[in-house]
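For reference, data-v1.cif is printed below; it contains mmCIF, C-alpha atoms, pLDDT in the B column; chains and numbers go by the auth columns.
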data_model
#
loop_
_atom_site.group_PDB
_atom_site.id
_atom_site.type_symbol
_atom_site.label_atom_id
_atom_site.label_comp_id
_atom_site.label_asym_id
_atom_site.label_seq_id
_atom_site.Cartn_x
_atom_site.Cartn_y
_atom_site.Cartn_z
_atom_site.B_iso_or_equiv
_atom_site.auth_seq_id
_atom_site.auth_asym_id
ATOM 1 C CA MET A 1 25.609 -22.311 -21.089 39.00 23 S
ATOM 2 C CA THR A 2 22.997 -19.595 -20.721 41.00 24 S
ATOM 3 C CA HIS A 3 23.881 -16.288 -19.146 42.00 25 S
ATOM 4 C CA GLY A 4 21.030 -14.032 -18.111 42.00 26 S
ATOM 5 C CA THR A 5 20.965 -10.348 -18.767 39.00 27 S
ATOM 6 C CA GLY A 6 19.060 -7.535 -17.185 37.00 28 S
ATOM 7 C CA THR A 7 17.158 -7.046 -20.406 37.00 29 S
ATOM 8 C CA GLY A 8 16.936 -10.688 -21.463 40.00 30 S
ATOM 9 C CA GLY A 9 14.189 -11.489 -19.007 57.00 31 S
ATOM 10 C CA GLU A 10 15.929 -14.414 -17.353 84.00 32 S
ATOM 11 C CA MET A 11 16.532 -12.702 -14.029 92.00 33 S
ATOM 12 C CA ILE A 12 13.881 -9.993 -14.033 93.00 34 S
ATOM 13 C CA GLY A 13 11.673 -11.665 -11.398 95.00 35 S
ATOM 14 C CA GLU A 14 14.558 -12.352 -9.035 96.00 36 S
ATOM 15 C CA VAL A 15 16.168 -8.912 -9.403 97.00 37 S
ATOM 16 C CA SER A 16 12.796 -7.185 -9.042 97.00 38 S
ATOM 17 C CA ALA A 17 11.998 -9.177 -5.875 97.00 39 S
ATOM 18 C CA ALA A 18 15.358 -8.268 -4.318 97.00 40 S
ATOM 19 C CA ALA A 19 15.101 -4.558 -5.188 97.00 41 S
ATOM 20 C CA SER A 20 11.479 -4.348 -4.025 97.00 42 S
ATOM 21 C CA PHE A 21 12.382 -6.001 -0.706 97.00 43 S
ATOM 22 C CA VAL A 22 15.133 -3.473 0.065 96.00 44 S
ATOM 23 C CA CYS A 23 12.755 -0.704 -1.025 96.00 45 S
ATOM 24 C CA ARG A 24 10.082 -1.970 1.415 95.00 46 S
ATOM 25 C CA LEU A 25 12.657 -1.932 4.216 95.00 47 S
ATOM 26 C CA LEU A 26 13.458 1.709 3.408 94.00 48 S
ATOM 27 C CA ARG A 27 9.747 2.599 3.212 93.00 49 S
ATOM 28 C CA SER A 28 9.013 1.048 6.602 91.00 50 S
ATOM 29 C CA ARG A 29 11.812 2.866 8.445 86.00 51 S
ATOM 30 C CA GLY A 30 12.185 6.160 6.623 78.00 52 S
ATOM 31 C CA HIS A 31 10.235 9.128 5.435 84.00 53 S
ATOM 32 C CA LEU A 32 11.036 8.816 1.759 92.00 54 S
ATOM 33 C CA SER A 33 8.656 9.929 -0.965 94.00 55 S
ATOM 34 C CA ASP A 34 7.100 7.471 -3.391 95.00 56 S
ATOM 35 C CA VAL A 35 9.171 9.074 -6.154 96.00 57 S
ATOM 36 C CA GLN A 36 12.409 8.530 -4.189 95.00 58 S
ATOM 37 C CA LEU A 37 11.472 4.922 -3.464 96.00 59 S
ATOM 38 C CA HIS A 38 10.596 4.303 -7.122 96.00 60 S
ATOM 39 C CA VAL A 39 13.925 5.770 -8.312 97.00 61 S
ATOM 40 C CA PHE A 40 15.804 3.727 -5.700 97.00 62 S
ATOM 41 C CA ARG A 41 14.029 0.462 -6.600 97.00 63 S
ATOM 42 C CA ASP A 42 14.548 0.919 -10.336 97.00 64 S
ATOM 43 C CA GLY A 43 18.183 1.962 -9.863 97.00 65 S
ATOM 44 C CA LEU A 44 18.924 -1.018 -7.630 97.00 66 S
ATOM 45 C CA ALA A 45 17.184 -3.460 -9.993 97.00 67 S
ATOM 46 C CA GLN A 46 19.194 -2.107 -12.932 96.00 68 S
ATOM 47 C CA ALA A 47 22.463 -2.259 -10.950 96.00 69 S
ATOM 48 C CA LEU A 48 21.769 -5.840 -9.867 97.00 70 S
ATOM 49 C CA GLY A 49 20.937 -6.917 -13.414 96.00 71 S
ATOM 50 C CA GLU A 50 24.136 -5.385 -14.770 95.00 72 S
ATOM 51 C CA HIS A 51 26.244 -6.764 -11.899 95.00 73 S
ATOM 52 C CA TYR A 52 24.896 -10.304 -12.334 94.00 74 S
ATOM 53 C CA GLU A 53 24.933 -10.315 -16.153 91.00 75 S
ATOM 54 C CA HIS A 54 27.891 -12.693 -16.499 91.00 76 S
ATOM 55 C CA HIS A 55 27.256 -14.470 -13.189 93.00 77 S
ATOM 56 C CA TRP A 56 23.779 -15.882 -13.814 95.00 78 S
ATOM 57 C CA PHE A 57 23.568 -19.588 -14.563 93.00 79 S
ATOM 58 C CA PRO A 58 19.974 -20.873 -14.701 93.00 80 S
ATOM 59 C CA ASP A 59 21.217 -24.380 -15.505 91.00 81 S
ATOM 60 C CA ARG A 60 23.373 -24.340 -12.307 91.00 82 S
ATOM 61 C CA PRO A 61 21.582 -21.899 -9.950 91.00 83 S
ATOM 62 C CA GLN A 62 24.099 -22.176 -7.100 90.00 84 S
ATOM 63 C CA LYS A 63 27.077 -21.303 -9.307 91.00 85 S
ATOM 64 C CA GLY A 64 28.041 -17.714 -8.507 90.00 86 S
ATOM 65 C CA SER A 65 25.844 -17.561 -5.399 90.00 87 S
ATOM 66 C CA GLY A 66 28.575 -15.893 -3.353 90.00 88 S
ATOM 67 C CA TYR A 67 29.052 -13.225 -6.035 93.00 89 S
ATOM 68 C CA ARG A 68 25.321 -12.471 -6.030 94.00 90 S
ATOM 69 C CA CYS A 69 25.090 -12.277 -2.232 95.00 91 S
ATOM 70 C CA ILE A 70 24.153 -8.762 -1.076 96.00 92 S
ATOM 71 C CA ARG A 71 25.486 -8.056 2.382 95.00 93 S
ATOM 72 C CA ILE A 72 25.210 -5.321 4.980 95.00 94 S
ATOM 73 C CA ASN A 73 27.406 -6.008 7.998 93.00 95 S
ATOM 74 C CA HIS A 74 29.499 -3.084 9.268 87.00 96 S
ATOM 75 C CA GLU A 75 29.822 -2.022 5.610 92.00 97 S
ATOM 76 C CA MET A 76 27.134 -1.027 3.138 94.00 98 S
ATOM 77 C CA ASP A 77 26.792 -3.171 0.047 96.00 99 S
ATOM 78 C CA PRO A 78 28.106 -0.981 -2.814 95.00 100 S
ATOM 79 C CA LEU A 79 25.140 -1.710 -5.109 96.00 101 S
ATOM 80 C CA ILE A 80 22.667 -0.548 -2.454 97.00 102 S
ATOM 81 C CA GLY A 81 24.905 2.437 -1.679 95.00 103 S
ATOM 82 C CA ARG A 82 24.992 3.557 -5.319 95.00 104 S
ATOM 83 C CA ALA A 83 21.212 3.225 -5.742 96.00 105 S
ATOM 84 C CA ALA A 84 20.699 5.233 -2.541 95.00 106 S
ATOM 85 C CA GLY A 85 23.076 7.914 -3.809 94.00 107 S
ATOM 86 C CA HIS A 86 20.692 8.522 -6.724 93.00 108 S
ATOM 87 C CA ILE A 87 18.062 9.711 -4.238 95.00 109 S
ATOM 88 C CA GLY A 88 20.462 11.648 -2.023 94.00 110 S
ATOM 89 C CA LEU A 89 20.806 9.177 0.853 93.00 111 S
ATOM 90 C CA THR A 90 24.200 9.004 2.524 90.00 112 S
ATOM 91 C CA ALA A 91 25.775 5.826 3.874 87.00 113 S
ATOM 92 C CA ALA A 92 25.009 7.005 7.418 90.00 114 S
ATOM 93 C CA GLN A 93 21.325 7.482 6.532 92.00 115 S
ATOM 94 C CA LEU A 94 21.218 4.037 4.920 92.00 116 S
ATOM 95 C CA PHE A 95 22.705 2.412 8.015 92.00 117 S
ATOM 96 C CA ALA A 96 19.998 4.117 10.084 93.00 118 S
ATOM 97 C CA LEU A 97 17.212 2.936 7.743 93.00 119 S
ATOM 98 C CA LEU A 98 18.280 -0.641 6.996 94.00 120 S
ATOM 99 C CA PRO A 99 18.946 -3.561 9.356 94.00 121 S
ATOM 100 C CA ARG A 100 22.455 -3.587 10.809 92.00 122 S
ATOM 101 C CA GLU A 101 22.995 -7.068 9.423 95.00 123 S
ATOM 102 C CA LEU A 102 21.252 -8.160 6.247 96.00 124 S
ATOM 103 C CA THR A 103 22.140 -10.922 3.829 96.00 125 S
ATOM 104 C CA LEU A 104 20.207 -11.254 0.576 97.00 126 S
ATOM 105 C CA TRP A 105 20.808 -14.142 -1.818 96.00 127 S
ATOM 106 C CA VAL A 106 19.694 -13.565 -5.416 96.00 128 S
ATOM 107 C CA ASP A 107 19.873 -16.872 -7.268 96.00 129 S
ATOM 108 C CA PRO A 108 18.095 -18.177 -10.349 96.00 130 S
ATOM 109 C CA TYR A 109 14.602 -19.280 -9.286 95.00 131 S
ATOM 110 C CA GLU A 110 14.970 -18.142 -5.643 96.00 132 S
ATOM 111 C CA VAL A 111 15.615 -14.986 -3.651 96.00 133 S
ATOM 112 C CA SER A 112 16.003 -15.335 0.109 96.00 134 S
ATOM 113 C CA TYR A 113 17.245 -13.208 2.979 97.00 135 S
ATOM 114 C CA ARG A 114 18.348 -13.245 6.573 96.00 136 S
ATOM 115 C CA ILE A 115 18.232 -10.340 9.011 95.00 137 S
ATOM 116 C CA GLY A 116 20.834 -10.641 11.777 92.00 138 S
ATOM 117 C CA GLU A 117 23.630 -13.161 12.014 87.00 139 S
ATOM 118 C CA ASP A 118 21.420 -15.744 13.717 89.00 140 S
ATOM 119 C CA GLY A 119 18.110 -14.975 12.020 90.00 141 S
ATOM 120 C CA SER A 120 16.046 -17.445 10.044 94.00 142 S
ATOM 121 C CA ILE A 121 16.557 -17.610 6.305 95.00 143 S
ATOM 122 C CA CYS A 122 13.327 -16.586 4.609 96.00 144 S
ATOM 123 C CA VAL A 123 12.246 -16.985 1.001 97.00 145 S
ATOM 124 C CA LEU A 124 11.100 -13.831 -0.811 95.00 146 S
ATOM 125 C CA TYR A 125 10.681 -15.209 -4.301 96.00 147 S
ATOM 126 C CA GLU A 126 10.606 -18.726 -5.631 95.00 148 S
ATOM 127 C CA THR A 127 9.717 -20.167 -8.995 93.00 149 S
ATOM 128 C CA GLU A 128 10.180 -23.538 -10.628 90.00 150 S
ATOM 129 C CA PRO A 129 12.915 -23.893 -13.249 87.00 151 S
ATOM 130 C CA PRO A 130 11.644 -24.701 -16.729 82.00 152 S
ATOM 131 C CA VAL A 131 11.334 -28.422 -17.384 77.00 153 S
ATOM 132 C CA ALA A 132 13.870 -29.606 -19.919 66.00 154 S
ATOM 133 C CA SER A 133 14.022 -33.023 -21.486 55.00 155 S
ATOM 134 C CA PRO A 134 16.842 -35.031 -19.951 57.00 156 S
ATOM 135 C CA ALA A 135 19.952 -35.512 -22.035 54.00 157 S
ATOM 136 C CA PRO A 136 20.506 -39.123 -23.155 50.00 158 S
ATOM 137 C CA SER A 137 23.769 -39.419 -21.229 48.00 159 S
ATOM 138 C CA HIS A 138 22.691 -37.684 -18.002 45.00 160 S
ATOM 139 C CA ARG A 139 25.245 -38.520 -15.303 45.00 161 S
ATOM 140 C CA GLY A 140 23.464 -36.983 -12.321 43.00 162 S
ATOM 141 C CA PRO A 141 24.509 -33.918 -10.310 43.00 163 S
ATOM 142 C CA SER A 142 28.072 -32.738 -10.737 40.00 164 S
ATOM 143 C CA ALA A 143 30.449 -32.453 -7.825 36.00 165 S
ATOM 144 C CA TYR A 144 30.043 -28.671 -8.033 37.00 166 S
ATOM 145 C CA ASP A 145 26.268 -28.910 -7.632 39.00 167 S
ATOM 146 C CA GLN A 146 26.716 -30.976 -4.473 33.00 168 S
ATOM 147 C CA ALA A 147 29.327 -28.662 -2.980 33.00 169 S
ATOM 148 C CA THR A 148 28.459 -26.249 -0.209 36.00 170 S
ATOM 149 C CA ASN A 149 27.686 -22.792 -1.553 42.00 171 S
ATOM 150 C CA CYS A 150 27.377 -19.407 0.103 46.00 172 S
ATOM 151 C CA LYS A 151 23.776 -19.834 1.243 54.00 173 S
ATOM 152 C CA ASN A 152 24.109 -23.505 2.217 49.00 174 S
ATOM 153 C CA SER A 153 26.963 -22.637 4.552 45.00 175 S
ATOM 154 C CA PHE A 154 24.600 -20.271 6.392 46.00 176 S
ATOM 155 C CA MET A 155 21.786 -22.822 6.302 46.00 177 S
ATOM 156 C CA GLY A 156 23.733 -25.677 7.819 44.00 178 S
ATOM 157 C CA GLY A 157 23.540 -27.704 4.602 41.00 179 S
ATOM 158 C CA ARG A 158 19.756 -27.569 4.135 40.00 180 S
ATOM 159 C CA ARG A 159 18.828 -27.535 0.449 42.00 181 S
ATOM 160 C CA SER A 160 15.918 -25.128 0.826 43.00 182 S
ATOM 161 C CA PRO A 161 15.149 -22.447 3.411 42.00 183 S
ATOM 162 C CA PRO A 162 12.136 -22.949 5.657 41.00 184 S
ATOM 163 C CA LYS A 163 9.018 -21.887 3.803 41.00 185 S
ATOM 164 C CA ASN A 164 7.026 -20.968 6.901 39.00 186 S
ATOM 165 C CA TYR A 165 9.065 -17.874 7.822 40.00 187 S
ATOM 166 C CA LEU A 166 8.101 -15.015 5.542 44.00 188 S
ATOM 167 C CA MET A 167 8.552 -11.431 6.629 45.00 189 S
ATOM 168 C CA THR A 168 6.228 -8.823 5.280 45.00 190 S
ATOM 169 C CA VAL A 169 7.079 -5.197 5.610 47.00 191 S
ATOM 170 C CA SER A 170 4.023 -2.976 5.637 43.00 192 S
ATOM 171 C CA SER A 171 4.111 0.632 4.579 41.00 193 S
#
Can the structure in the file be given as structure tokens, please?
Amino acid sequence: MTHGTGTGGEMIGEVSAAASFVCRLLRSRGHLSDVQLHVFRDGLAQALGEHYEHHWFPDRPQKGSGYRCIRINHEMDPLIGRAAGHIGLTAAQLFALLPRELTLWVDPYEVSYRIGEDGSICVLYETEPPVASPAPSHRGPSAYDQATNCKNSFMGGRRSPPKNYLMTVSS
């Protein structure tokens, strides 16, 4: 089984997309300098990579989805809070700058988010998994792969979020 690492390159695109998205939200609502935003983005990307290091399964992308779910809902996600602390933002300032309710799923090959409890799930980053030659005794998807995961429970069982809802945050 392959585990990704922050330095191994397996999750760099996903982690970078997630950190850049949160950074764009901060840029659009706050008066932070480019240096502060850069430090925040890099700090968050590093924290995510370290946090996900043993919870990244490219061969079973939904495994660990709940662990990799970043959530703001009455409480600040600790990874975002720590990255913000590096640039001097308090939890109160973060709550003022970020949506009240934000869910961000960082999975192998896809990063998606939802703002609000009833908002649409939108894809931020998506890439195709590498094509591997099938094993001679391939038995099909395991029961785990077919089980409902964190994101699917929010999506009502859909396998992929709608592709036509993309939010762009301008600076």
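Each of S:Arg90, S:Ile137, S:Val57, S:Ser142 was compared to Glu75 in chain S using only C-alpha atoms, and S:Arg90 turns out to be the nearest.
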Step by step: start from the point (14.9, -15.8, -4.6) in the file's coordinates, keep every protein, DNA or RNA residue that has an atom no farther than 6 Å from it, count only C-alpha atoms, and write the set as a count of residues only.
-> 10
Using all atoms listed in the file, find the one residue out of S:Ile109, S:Asp99, S:Ile92, S:His77 that sits nearest to Arg63 in chain S.
->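 For Arg63 in chain S, the nearest of the candidates is S:Ile109.
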Among listed residues S:Gln68, S:Ser87, S:Thr112, S:Gln58, nearest Leu126 in chain S (using all atoms listed in the file) |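 Answer, going by the shortest atom-to-atom distance: S:Ser87.
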Once 5 Å is added on each side, what are the centre and the three edge lengths, in Å to one decimal, of the axis-aligned box enclosing the listed atoms of range 95-110 of chain S? Present them as JSON.
{"center_x": 23.9, "center_y": 2.8, "center_z": 1.3, "size_x": 21.8, "size_y": 27.7, "size_z": 26.0}
Going by the chain IDs and residue numbers used in this file, which residues fall under the PyMOL selection byres ((chain S and resi 42) around 10)? Write them as an mmCIF file with C-alpha atoms, in the coordinates of the input.
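Generated file (expr03.cif):
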data_model
loop_
_atom_site.group_PDB
_atom_site.id
_atom_site.type_symbol
_atom_site.label_atom_id
_atom_site.label_comp_id
_atom_site.auth_asym_id
_atom_site.auth_seq_id
_atom_site.Cartn_x
_atom_site.Cartn_y
_atom_site.Cartn_z
ATOM 1 C CA GLU S 36 14.558 -12.352 -9.035
ATOM 2 C CA VAL S 37 16.168 -8.912 -9.403
ATOM 3 C CA SER S 38 12.796 -7.185 -9.042
ATOM 4 C CA ALA S 39 11.998 -9.177 -5.875
ATOM 5 C CA ALA S 40 15.358 -8.268 -4.318
ATOM 6 C CA ALA S 41 15.101 -4.558 -5.188
ATOM 7 C CA PHE S 43 12.382 -6.001 -0.706
ATOM 8 C CA VAL S 44 15.133 -3.473 0.065
ATOM 9 C CA CYS S 45 12.755 -0.704 -1.025
ATOM 10 C CA ARG S 46 10.082 -1.970 1.415
ATOM 11 C CA LEU S 47 12.657 -1.932 4.216
ATOM 12 C CA LEU S 48 13.458 1.709 3.408
ATOM 13 C CA LEU S 59 11.472 4.922 -3.464
ATOM 14 C CA HIS S 60 10.596 4.303 -7.122
ATOM 15 C CA PHE S 62 15.804 3.727 -5.700
ATOM 16 C CA ARG S 63 14.029 0.462 -6.600
ATOM 17 C CA ASP S 64 14.548 0.919 -10.336
ATOM 18 C CA LEU S 66 18.924 -1.018 -7.630
ATOM 19 C CA ALA S 67 17.184 -3.460 -9.993
#
Computed interatomic separation between CA of Lys85 in chain S and CA of Leu101 in chain S (Å) = 20.1 Å
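Between CA of Ile34 in chain S and CA of Ile94 in chain S there is a distance of 22.6 Å.
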For this structure, which residues satisfy the selection - the PyMOL selection byres ((chain S and resi 115) around 12) - when it is evaluated on the file as given? I want them as a PDB file with C-alpha atoms, in the coordinates of the input.
ATOM      1  CA  LEU S  48      13.458   1.709   3.408  1.00 94.00           C
ATOM      2  CA  ARG S  51      11.812   2.866   8.445  1.00 86.00           C
ATOM      3  CA  GLY S  52      12.185   6.160   6.623  1.00 78.00           C
ATOM      4  CA  HIS S  53      10.235   9.128   5.435  1.00 84.00           C
ATOM      5  CA  LEU S  54      11.036   8.816   1.759  1.00 92.00           C
ATOM      6  CA  MET S  98      27.134  -1.027   3.138  1.00 94.00           C
ATOM      7  CA  GLY S 103      24.905   2.437  -1.679  1.00 95.00           C
ATOM      8  CA  ALA S 106      20.699   5.233  -2.541  1.00 95.00           C
ATOM      9  CA  GLY S 107      23.076   7.914  -3.809  1.00 94.00           C
ATOM     10  CA  ILE S 109      18.062   9.711  -4.238  1.00 95.00           C
ATOM     11  CA  GLY S 110      20.462  11.648  -2.023  1.00 94.00           C
ATOM     12  CA  LEU S 111      20.806   9.177   0.853  1.00 93.00           C
ATOM     13  CA  THR S 112      24.200   9.004   2.524  1.00 90.00           C
ATOM     14  CA  ALA S 113      25.775   5.826   3.874  1.00 87.00           C
ATOM     15  CA  ALA S 114      25.009   7.005   7.418  1.00 90.00           C
ATOM     16  CA  LEU S 116      21.218   4.037   4.920  1.00 92.00           C
ATOM     17  CA  PHE S 117      22.705   2.412   8.015  1.00 92.00           C
ATOM     18  CA  ALA S 118      19.998   4.117  10.084  1.00 93.00           C
ATOM     19  CA  LEU S 119      17.212   2.936   7.743  1.00 93.00           C
ATOM     20  CA  LEU S 120      18.280  -0.641   6.996  1.00 94.00           C
ATOM     21  CA  PRO S 121      18.946  -3.561   9.356  1.00 94.00           C
ATOM     22  CA  ARG S 122      22.455  -3.587  10.809  1.00 92.00           C
TER      23      ARG S 122
END
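Relative to CA of Glu150 in chain S, CA of Arg136 in chain S is found at 21.6 Å.
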Measuring atom to atom with all atoms listed in the file, identify which of S:Pro83, S:Gly141, S:Pro130, S:Gly88 is nearest to Met33 in chain S.
-> S:Pro130
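If you measure from each of S:Pro80, S:Gly65, S:Pro151, S:Gly71 to Ala105 in chain S using all atoms listed in the file, the closest one turns out to be S:Gly65.
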Provide range 84-94 of chain S rebuilt to all heavy atoms, formatted as an mmCIF file, keeping the file's coordinate frame.
data_model
loop_
_atom_site.group_PDB
_atom_site.id
_atom_site.type_symbol
_atom_site.label_atom_id
_atom_site.label_comp_id
_atom_site.auth_asym_id
_atom_site.auth_seq_id
_atom_site.Cartn_x
_atom_site.Cartn_y
_atom_site.Cartn_z
ATOM 1 N N GLN S 84 23.232 -22.498 -8.231
ATOM 2 C CA GLN S 84 24.099 -22.176 -7.100
ATOM 3 C C GLN S 84 25.443 -21.621 -7.543
ATOM 4 O O GLN S 84 26.154 -21.013 -6.750
ATOM 5 C CB GLN S 84 24.303 -23.400 -6.210
ATOM 6 C CG GLN S 84 23.018 -23.938 -5.622
ATOM 7 C CD GLN S 84 22.181 -22.894 -4.925
ATOM 8 O OE1 GLN S 84 22.694 -22.052 -4.210
ATOM 9 N NE2 GLN S 84 20.877 -22.922 -5.129
ATOM 10 N N LYS S 85 25.805 -21.835 -8.807
ATOM 11 C CA LYS S 85 27.077 -21.303 -9.307
ATOM 12 C C LYS S 85 27.023 -19.777 -9.259
ATOM 13 O O LYS S 85 26.106 -19.167 -9.772
ATOM 14 C CB LYS S 85 27.337 -21.772 -10.740
ATOM 15 C CG LYS S 85 28.662 -21.267 -11.281
ATOM 16 C CD LYS S 85 28.941 -21.767 -12.673
ATOM 17 C CE LYS S 85 30.274 -21.225 -13.147
ATOM 18 N NZ LYS S 85 30.565 -21.649 -14.515
ATOM 19 N N GLY S 86 27.993 -19.168 -8.618
ATOM 20 C CA GLY S 86 28.041 -17.714 -8.507
ATOM 21 C C GLY S 86 27.219 -17.154 -7.359
ATOM 22 O O GLY S 86 27.071 -15.945 -7.231
ATOM 23 N N SER S 87 26.695 -18.020 -6.498
ATOM 24 C CA SER S 87 25.844 -17.561 -5.399
ATOM 25 C C SER S 87 26.556 -16.561 -4.498
ATOM 26 O O SER S 87 25.974 -15.561 -4.078
ATOM 27 C CB SER S 87 25.353 -18.757 -4.585
ATOM 28 O OG SER S 87 24.521 -18.339 -3.528
ATOM 29 N N GLY S 88 27.811 -16.807 -4.205
ATOM 30 C CA GLY S 88 28.575 -15.893 -3.353
ATOM 31 C C GLY S 88 28.731 -14.524 -3.995
ATOM 32 O O GLY S 88 28.655 -13.500 -3.317
ATOM 33 N N TYR S 89 28.908 -14.488 -5.305
ATOM 34 C CA TYR S 89 29.052 -13.225 -6.035
ATOM 35 C C TYR S 89 27.747 -12.430 -5.988
ATOM 36 O O TYR S 89 27.756 -11.214 -5.932
ATOM 37 C CB TYR S 89 29.434 -13.520 -7.491
ATOM 38 C CG TYR S 89 29.679 -12.288 -8.318
ATOM 39 C CD1 TYR S 89 30.913 -11.646 -8.286
ATOM 40 C CD2 TYR S 89 28.680 -11.766 -9.129
ATOM 41 C CE1 TYR S 89 31.147 -10.507 -9.052
ATOM 42 C CE2 TYR S 89 28.902 -10.638 -9.895
ATOM 43 C CZ TYR S 89 30.135 -10.009 -9.851
ATOM 44 O OH TYR S 89 30.359 -8.887 -10.602
ATOM 45 N N ARG S 90 26.629 -13.136 -6.006
ATOM 46 C CA ARG S 90 25.321 -12.471 -6.030
ATOM 47 C C ARG S 90 24.768 -12.190 -4.635
ATOM 48 O O ARG S 90 23.660 -11.699 -4.492
ATOM 49 C CB ARG S 90 24.330 -13.325 -6.827
ATOM 50 C CG ARG S 90 24.682 -13.433 -8.305
ATOM 51 C CD ARG S 90 23.603 -14.188 -9.072
ATOM 52 N NE ARG S 90 23.289 -15.458 -8.473
ATOM 53 C CZ ARG S 90 23.882 -16.615 -8.774
ATOM 54 N NH1 ARG S 90 24.822 -16.651 -9.696
ATOM 55 N NH2 ARG S 90 23.529 -17.724 -8.172
ATOM 56 N N CYS S 91 25.526 -12.496 -3.604
ATOM 57 C CA CYS S 91 25.090 -12.277 -2.232
ATOM 58 C C CYS S 91 25.234 -10.794 -1.885
ATOM 59 O O CYS S 91 26.307 -10.220 -1.989
ATOM 60 C CB CYS S 91 25.955 -13.132 -1.303
ATOM 61 S SG CYS S 91 25.509 -13.042 0.425
ATOM 62 N N ILE S 92 24.147 -10.163 -1.491
ATOM 63 C CA ILE S 92 24.153 -8.762 -1.076
ATOM 64 C C ILE S 92 24.270 -8.756 0.437
ATOM 65 O O ILE S 92 23.516 -9.435 1.126
ATOM 66 C CB ILE S 92 22.846 -8.066 -1.522
ATOM 67 C CG1 ILE S 92 22.756 -8.066 -3.041
ATOM 68 C CG2 ILE S 92 22.767 -6.656 -0.958
ATOM 69 C CD1 ILE S 92 21.391 -7.639 -3.553
ATOM 70 N N ARG S 93 25.207 -7.972 0.952
ATOM 71 C CA ARG S 93 25.486 -8.056 2.382
ATOM 72 C C ARG S 93 25.627 -6.672 3.002
ATOM 73 O O ARG S 93 26.299 -5.804 2.457
ATOM 74 C CB ARG S 93 26.802 -8.826 2.536
ATOM 75 C CG ARG S 93 27.117 -9.207 3.931
ATOM 76 C CD ARG S 93 26.810 -10.683 4.144
ATOM 77 N NE ARG S 93 27.489 -11.142 5.330
ATOM 78 C CZ ARG S 93 26.911 -11.171 6.509
ATOM 79 N NH1 ARG S 93 25.678 -10.787 6.660
ATOM 80 N NH2 ARG S 93 27.565 -11.587 7.556
ATOM 81 N N ILE S 94 24.987 -6.496 4.132
ATOM 82 C CA ILE S 94 25.210 -5.321 4.980
ATOM 83 C C ILE S 94 25.655 -5.874 6.332
ATOM 84 O O ILE S 94 24.919 -6.615 6.965
ATOM 85 C CB ILE S 94 23.928 -4.482 5.157
ATOM 86 C CG1 ILE S 94 23.412 -3.965 3.824
ATOM 87 C CG2 ILE S 94 24.185 -3.335 6.137
ATOM 88 C CD1 ILE S 94 22.041 -3.311 3.914
#
